[in-house]
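Shown next: final-v2.tsv, containing TSV, C-alpha atoms.
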```
chain	number	residue	atom	x	y	z
A	1	MET	CA	61.12	8.88	20.21
A	2	ALA	CA	57.90	6.99	20.86
A	3	ASN	CA	58.00	3.89	22.99
A	4	LYS	CA	58.10	0.91	20.68
A	5	THR	CA	59.80	-1.51	22.99
A	6	THR	CA	57.63	-0.76	26.02
A	7	HIS	CA	55.97	-3.74	27.58
A	8	THR	CA	52.22	-4.09	27.06
A	9	THR	CA	50.32	-5.48	30.03
A	10	GLU	CA	47.84	-8.08	28.82
A	11	TYR	CA	44.13	-7.68	29.56
A	12	ARG	CA	43.97	-10.95	31.47
A	13	VAL	CA	46.81	-9.90	33.79
A	14	LEU	CA	44.94	-6.70	34.63
A	15	ALA	CA	41.72	-8.63	35.19
A	16	ARG	CA	43.44	-11.06	37.54
A	17	VAL	CA	44.96	-8.22	39.52
A	18	LEU	CA	41.48	-6.72	39.88
A	19	LEU	CA	40.15	-10.00	41.24
A	20	VAL	CA	42.90	-10.17	43.84
A	21	LEU	CA	42.27	-6.53	44.77
A	22	MET	CA	38.58	-7.20	45.24
A	23	PHE	CA	39.31	-10.25	47.35
A	24	LEU	CA	41.65	-8.19	49.54
A	25	THR	CA	38.95	-5.54	49.88
A	26	PHE	CA	36.46	-8.05	51.24
A	27	LEU	CA	39.16	-9.53	53.44
A	28	THR	CA	39.78	-6.09	54.97
A	29	ILE	CA	36.10	-5.65	55.72
A	30	SER	CA	35.69	-9.07	57.30
A	31	VAL	CA	38.87	-8.76	59.34
A	32	THR	CA	37.90	-5.38	60.73
A	33	SER	CA	34.53	-6.72	61.81
A	34	TYR	CA	36.27	-8.94	64.36
A	35	HIS	CA	37.21	-7.22	67.57
A	36	LEU	CA	40.94	-7.32	67.28
A	37	ALA	CA	41.25	-3.87	68.88
A	38	ALA	CA	44.74	-2.53	68.24
A	39	PHE	CA	45.58	-5.28	65.78
A	40	SER	CA	42.78	-4.48	63.37
A	41	VAL	CA	44.46	-1.22	62.31
A	42	THR	CA	47.72	-3.04	61.66
A	43	VAL	CA	46.02	-5.79	59.69
A	44	ALA	CA	43.90	-3.31	57.72
A	45	LEU	CA	46.98	-1.26	56.89
A	46	LEU	CA	48.95	-4.34	55.89
A	47	ILE	CA	46.20	-5.43	53.51
A	48	ALA	CA	45.92	-1.88	52.17
A	49	GLY	CA	49.68	-1.98	51.67
A	50	ALA	CA	49.35	-5.19	49.69
A	51	LYS	CA	46.63	-3.65	47.52
A	52	GLY	CA	48.77	-0.56	47.02
A	53	PHE	CA	51.71	-2.71	46.03
A	54	LEU	CA	49.61	-4.51	43.40
A	55	ILE	CA	48.31	-1.23	42.00
A	56	LEU	CA	51.81	0.23	41.84
A	57	THR	CA	53.36	-2.90	40.35
A	58	TYR	CA	50.78	-3.86	37.74
A	59	PHE	CA	48.33	-1.04	37.09
A	60	MET	CA	50.98	1.64	37.35
A	61	HIS	CA	53.36	-0.60	35.45
A	62	LEU	CA	56.26	-0.30	37.90
A	63	LYS	CA	57.13	-3.95	37.44
A	64	TYR	CA	58.24	-3.13	33.91
A	65	GLU	CA	59.65	0.32	34.45
A	66	SER	CA	63.22	1.46	34.78
A	67	LEU	CA	65.21	0.80	37.93
A	68	LEU	CA	65.50	4.54	38.51
A	69	LEU	CA	61.74	4.90	38.76
A	70	ARG	CA	61.35	1.94	41.06
A	71	ILE	CA	64.05	3.20	43.38
A	72	LEU	CA	62.48	6.67	43.46
A	73	VAL	CA	59.08	5.25	44.38
A	74	ALA	CA	60.62	3.09	47.10
A	75	MET	CA	62.48	6.09	48.45
A	76	ILE	CA	59.31	8.14	48.73
A	77	PHE	CA	57.73	5.47	50.89
A	78	VAL	CA	60.86	5.23	53.01
A	79	LEU	CA	60.80	9.00	53.41
A	80	TYR	CA	57.18	8.89	54.46
A	81	ALA	CA	57.86	6.10	56.96
A	82	VAL	CA	60.67	8.18	58.47
A	83	ILE	CA	58.35	11.19	58.75
A	84	ILE	CA	55.76	9.08	60.54
A	85	LEU	CA	58.36	7.55	62.81
A	86	ILE	CA	59.84	10.87	63.85
A	87	THR	CA	56.41	12.39	64.45
A	88	PHE	CA	55.36	9.52	66.64
A	89	ILE	CA	58.62	9.55	68.59
A	90	ASP	CA	58.08	13.23	69.20
A	91	TYR	CA	54.45	12.71	70.16
A	92	ALA	CA	55.14	9.71	72.39
A	93	TYR	CA	57.77	11.48	74.46
A	94	ARG	CA	55.97	14.71	75.14
B	1	MET	CA	65.65	34.19	-3.87
B	2	THR	CA	63.64	31.47	-2.17
B	3	GLU	CA	63.64	31.41	1.59
B	4	LYS	CA	65.10	28.40	3.25
B	5	VAL	CA	62.99	27.28	6.17
B	6	ILE	CA	64.71	25.20	8.78
B	7	HIS	CA	62.50	22.82	10.76
B	8	LEU	CA	63.86	21.81	14.08
B	9	GLN	CA	63.72	18.09	14.63
B	10	GLU	CA	60.93	17.39	17.10
B	11	HIS	CA	62.38	15.59	20.05
B	12	ALA	CA	59.78	13.88	22.16
B	13	ASP	CA	61.08	12.30	25.34
B	14	ASP	CA	58.37	10.05	26.66
B	15	GLU	CA	60.49	8.69	29.49
B	16	ALA	CA	61.01	12.22	30.74
B	17	LYS	CA	57.29	12.98	30.53
B	18	LYS	CA	56.51	9.88	32.51
B	19	LEU	CA	59.15	10.76	35.11
B	20	GLY	CA	57.58	14.20	35.34
B	21	MET	CA	54.21	12.68	36.17
B	22	TRP	CA	55.79	10.38	38.74
B	23	LEU	CA	57.53	13.32	40.42
B	24	PHE	CA	54.17	15.06	40.64
B	25	ILE	CA	52.65	11.86	42.04
B	26	PHE	CA	55.32	11.91	44.76
B	27	THR	CA	54.15	15.37	45.82
B	28	GLU	CA	50.55	14.14	45.92
B	29	LEU	CA	51.56	11.13	48.02
B	30	LEU	CA	53.24	13.41	50.53
B	31	LEU	CA	50.23	15.75	50.50
B	32	PHE	CA	47.81	13.01	51.47
B	33	GLY	CA	50.54	11.41	53.57
B	34	GLY	CA	50.65	14.53	55.67
B	35	LEU	CA	46.90	14.37	56.15
B	36	PHE	CA	47.07	10.70	57.09
B	37	LEU	CA	49.70	11.65	59.64
B	38	VAL	CA	47.40	14.23	61.22
B	39	TYR	CA	44.69	11.58	61.23
B	40	SER	CA	46.94	9.01	62.95
B	41	VAL	CA	48.02	11.35	65.73
B	42	PHE	CA	44.47	12.37	66.55
B	43	ARG	CA	43.12	8.86	66.22
B	44	ALA	CA	45.74	7.71	68.71
B	45	LYS	CA	44.61	10.50	71.00
B	46	TYR	CA	40.84	10.02	70.65
B	47	PRO	CA	40.31	6.35	69.74
B	48	ALA	CA	36.77	6.09	71.11
B	49	ASN	CA	35.55	9.24	69.33
B	50	PHE	CA	37.07	8.12	66.06
B	51	HIS	CA	35.39	4.74	66.41
B	52	GLU	CA	32.03	6.35	67.14
B	53	GLY	CA	32.47	8.73	64.25
B	54	SER	CA	33.15	5.92	61.82
B	55	LEU	CA	29.85	4.30	62.84
B	56	GLU	CA	28.10	7.28	61.26
B	57	LEU	CA	29.50	6.31	57.87
B	58	SER	CA	27.98	3.70	55.60
B	59	VAL	CA	30.39	0.81	55.10
B	60	THR	CA	28.16	-0.39	52.26
B	61	ILE	CA	28.54	2.80	50.26
B	62	GLY	CA	32.23	2.93	51.09
B	63	THR	CA	32.68	-0.62	49.85
B	64	ILE	CA	30.76	0.10	46.65
B	65	ASN	CA	32.96	3.14	46.08
B	66	THR	CA	36.09	1.07	46.67
B	67	ILE	CA	34.99	-1.58	44.18
B	68	VAL	CA	33.99	1.11	41.68
B	69	LEU	CA	37.41	2.75	41.85
B	70	LEU	CA	39.26	-0.57	41.61
B	71	ILE	CA	37.33	-1.51	38.48
B	72	SER	CA	37.94	1.97	37.04
B	73	SER	CA	41.66	1.51	37.64
B	74	MET	CA	41.54	-1.71	35.67
B	75	THR	CA	39.56	-0.18	32.81
B	76	VAL	CA	41.94	2.75	32.44
B	77	ALA	CA	44.94	0.38	32.51
B	78	MET	CA	43.18	-1.72	29.87
B	79	SER	CA	42.58	1.35	27.71
B	80	LEU	CA	46.35	1.81	27.61
B	81	THR	CA	46.78	-1.82	26.56
B	82	ALA	CA	44.13	-1.27	23.90
B	83	ILE	CA	45.84	1.73	22.30
B	84	GLN	CA	49.20	-0.03	22.43
B	85	LYS	CA	47.53	-2.79	20.43
B	86	ASN	CA	46.21	-0.09	18.06
B	87	ASN	CA	42.60	-0.71	19.08
B	88	ARG	CA	41.49	2.90	19.30
B	89	LYS	CA	37.80	2.16	19.57
B	90	LEU	CA	38.26	-0.16	22.54
B	91	ALA	CA	40.58	2.33	24.22
B	92	MET	CA	37.90	5.01	23.91
B	93	ILE	CA	35.19	2.70	25.23
B	94	LEU	CA	37.34	1.74	28.21
B	95	ILE	CA	38.08	5.36	29.10
B	96	SER	CA	34.37	6.13	28.83
B	97	VAL	CA	33.63	3.27	31.24
B	98	THR	CA	36.26	4.69	33.60
B	99	LEU	CA	34.56	8.09	33.46
B	100	VAL	CA	31.14	6.56	34.12
B	101	LEU	CA	32.53	4.71	37.15
B	102	ALA	CA	34.12	7.92	38.39
B	103	THR	CA	30.73	9.63	38.11
B	104	VAL	CA	29.16	6.82	40.15
B	105	PHE	CA	31.80	7.39	42.82
B	106	LEU	CA	31.10	11.12	42.93
B	107	PHE	CA	27.38	10.53	43.03
B	108	ASN	CA	27.82	8.25	46.05
B	109	LYS	CA	29.94	10.91	47.69
B	110	VAL	CA	27.28	13.55	47.12
B	111	PHE	CA	24.75	11.18	48.64
B	112	GLU	CA	26.94	10.47	51.68
B	113	TRP	CA	27.82	14.07	52.27
B	114	GLY	CA	24.23	15.15	51.73
B	115	ALA	CA	23.18	12.85	54.55
B	116	LYS	CA	25.72	14.49	56.83
B	117	PHE	CA	24.68	18.00	55.79
B	118	GLU	CA	21.09	17.20	56.61
B	119	HIS	CA	22.13	16.39	60.15
B	120	GLY	CA	23.88	19.70	60.45
B	121	LEU	CA	27.30	18.16	60.03
B	122	TYR	CA	29.35	20.22	57.63
B	123	PRO	CA	32.46	22.40	57.81
B	124	GLY	CA	31.42	25.69	59.37
B	125	SER	CA	28.08	24.53	60.74
B	126	LYS	CA	26.79	25.55	64.16
B	127	LEU	CA	26.73	21.92	65.27
B	128	MET	CA	30.39	21.15	64.60
B	129	PRO	CA	31.96	23.30	67.32
B	130	MET	CA	29.49	21.85	69.82
B	131	LEU	CA	30.83	18.35	69.30
B	132	GLU	CA	33.34	16.69	71.58
B	133	ARG	CA	36.90	17.43	70.57
B	134	GLY	CA	37.56	13.92	69.24
B	135	ASP	CA	34.33	13.90	67.21
B	136	LEU	CA	35.07	17.33	65.79
B	137	LEU	CA	38.53	16.19	64.74
B	138	TYR	CA	37.20	13.03	63.15
B	139	PHE	CA	34.52	14.77	61.07
B	140	SER	CA	36.78	17.65	60.12
B	141	LEU	CA	39.33	15.16	58.86
B	142	TYR	CA	36.59	13.17	57.15
B	143	PHE	CA	35.30	16.16	55.21
B	144	PHE	CA	38.73	17.54	54.40
B	145	MET	CA	40.31	14.28	53.27
B	146	THR	CA	37.38	12.87	51.32
B	147	GLY	CA	36.75	16.34	49.89
B	148	LEU	CA	40.32	16.76	48.74
B	149	HIS	CA	40.18	13.25	47.32
B	150	ALA	CA	36.94	14.03	45.47
B	151	LEU	CA	38.64	17.10	44.02
B	152	HIS	CA	41.37	14.83	42.72
B	153	ILE	CA	38.74	12.57	41.20
B	154	ILE	CA	37.35	15.55	39.30
B	155	VAL	CA	40.81	16.55	38.10
B	156	GLY	CA	41.43	12.96	37.03
B	157	MET	CA	38.16	12.94	35.11
B	158	VAL	CA	39.16	16.11	33.30
B	159	LEU	CA	42.54	14.60	32.37
B	160	LEU	CA	40.93	11.41	31.12
B	161	THR	CA	38.31	13.33	29.15
B	162	ILE	CA	41.13	15.21	27.45
B	163	CYS	CA	42.72	11.83	26.68
B	164	LEU	CA	39.42	10.68	25.20
B	165	PHE	CA	39.40	13.62	22.81
B	166	LYS	CA	43.06	13.08	21.98
B	167	LEU	CA	42.28	9.46	21.14
B	168	LYS	CA	39.46	10.63	18.90
B	169	SER	CA	41.65	13.12	17.07
B	170	GLY	CA	44.53	10.66	16.83
B	171	SER	CA	47.06	12.69	18.77
B	172	VAL	CA	47.13	9.75	21.17
B	173	ASN	CA	47.80	6.66	19.09
B	174	SER	CA	49.62	3.34	19.16
B	175	GLN	CA	52.94	5.11	18.54
B	176	LYS	CA	52.46	8.02	20.90
B	177	TYR	CA	50.41	7.38	24.02
B	178	ILE	CA	52.32	9.07	26.82
B	179	HIS	CA	49.41	11.42	27.56
B	180	LEU	CA	47.12	8.50	28.20
B	181	GLU	CA	49.80	6.77	30.22
B	182	ASN	CA	50.22	9.83	32.43
B	183	GLY	CA	46.47	10.32	32.77
B	184	ALA	CA	46.16	6.68	33.80
B	185	LEU	CA	48.97	7.08	36.34
B	186	TYR	CA	47.14	10.02	37.90
B	187	TRP	CA	43.96	7.94	38.04
B	188	HIS	CA	45.77	5.08	39.75
B	189	LEU	CA	47.09	7.53	42.32
B	190	VAL	CA	43.53	8.60	43.09
B	191	ASP	CA	42.60	4.93	43.54
B	192	LEU	CA	45.68	4.32	45.70
B	193	ILE	CA	44.73	7.14	48.06
B	194	TRP	CA	41.21	5.77	48.43
B	195	ILE	CA	42.59	2.30	49.22
B	196	PHE	CA	43.98	3.80	52.43
B	197	LEU	CA	41.22	6.32	53.05
B	198	PHE	CA	38.50	3.65	53.10
B	199	PRO	CA	39.73	1.46	55.99
B	200	LEU	CA	40.97	4.42	58.00
B	201	MET	CA	37.71	6.35	57.80
B	202	TYR	CA	35.07	3.63	57.55
B	203	LEU	CA	36.44	0.55	59.26
B	204	ILE	CA	37.58	1.76	62.64
B	205	THR	CA	36.92	-0.80	65.37
```

Please express what this file holds, its structure, as structure tokens.
Amino acid sequence: MANKTTHTTEYRVLARVLLVLMFLTFLTISVTSYHLAAFSVTVALLIAGAKGFLILTYFMHLKYESLLLRILVAMIFVLYAVIILITFIDYAYR
Amino acid sequence: MTEKVIHLQEHADDEAKKLGMWLFIFTELLLFGGLFLVYSVFRAKYPANFHEGSLELSVTIGTINTIVLLISSMTVAMSLTAIQKNNRKLAMILISVTLVLATVFLFNKVFEWGAKFEHGLYPGSKLMPMLERGDLLYFSLYFFMTGLHALHIIVGMVLLTICLFKLKSGSVNSQKYIHLENGALYWHLVDLIWIFLFPLMYLIT
């Protein structure tokens, strides 16, 4: 059965999300031009995370998708975080 | 005696098709995730080399590519809105814009890579093994990750071109647009990967 009750994201919502994404892009560039050393990676990754969240939520429509899908997506990121954590624990204690 | 032909009721499950694409996207996330993991370990080990390596890349071109992909993500999302509103012509125009932007991205990549090739920096060159270990790792990762990403861009373009033809023929329409939705999801994934690739490759301080 075709989706008749699916939510349609309005053009202006998508345009606004783009504007925020572009702002965050320029923020990343300006922040990484300061010499924050170790912090700049963290900040850059946090901003990238925010951009990713916006893309997932609005462009990829997760905000309006089923709970199952949202939980699955969250779980993948948790899984990935665990993989990173374990790898770094291993690496740090060699 | 006339033959009785039984037609099976066509059962289209769009939610299942969408879930299928998401499951595939999960595998792609872990694919690039694994590469990012390799990158993080070696960056932690050779921070100076990675910084130096990133200076060889053009932040300007990288920024243009980032903006180009972000806009293309919006246009493909808008094309879905358009077909849901039964505006087939607009949907087709928006996908075409997405494809043009994707071509711009690839062109920039060819330009960037070409510059590296001219300096003898390419996978399998004589220069590469002569580099310091950290530099070699950085450029190997650069070529592999941006190359794999570019491959995904090409695949995405093929998918979206198929969607364009399906829109033209009407097999993607305001009642049945799951193919476009899935194609758009794949395109957003490609954008998502670049969102992380850009700061990690180009903006290392």

(51.4, 8.1, 34.3) in this file's frame - what residues fall within 8 Å of it? Use all atoms listed in the file and give the answer as an NGL selection string.
(:A and (60)) or (:B and (18 or 21-22 or 178-186))

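The shortest atom-to-atom distance to Phe26 in chain B, with only C-alpha atoms taken into account, belongs to A:Met75 out of A:Val13, A:Met75, A:Val82, A:Ala92.
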
Interface, chain B side, toward chain A (9 Å; only C-alpha atoms) as a ChimeraX atom specification
/B:11-15,19,22-23,26,29-30,33-34,37,41,59,63,66-67,70-71,73-78,80-82,84-85,174-178,181,184-185,188-189,191-193,195-196,199-200,203-205

Selection near Val68 in chain B, 8 Å with all atoms listed in the file, sequence-local residues under 2 positions removed, as number ranges by chain
B: 64-66, 70-72, 101-102, 104-105

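Nearest to Phe36 in chain B of all the residues B:Leu127, B:Val172, B:Met92, B:Leu141 is B:Leu141, based on all atoms listed in the file.
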
Residues near range 112-123 of chain B, cut-off 8 Å, all atoms listed in the file, skip fewer than 6 positions along chain, as a compact mmCIF listing (two decimals) with C-alpha atoms, in the frame of the given file:
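Produced file selection05.txt, reproduced below:
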```
# COMPACT_ATOMS: atom_id res chain seq x y z
CA LEU B 57 29.50 6.31 57.87
CA SER B 58 27.98 3.70 55.60
CA ILE B 61 28.54 2.80 50.26
CA SER B 140 36.78 17.65 60.12
CA PHE B 143 35.30 16.16 55.21
```

Do you have the CA of Leu62 in chain A-CA of Leu46 in chain A distance handy?
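Atom-to-atom, CA of Leu62 in chain A and CA of Leu46 in chain A are spaced 19.8 Å apart.
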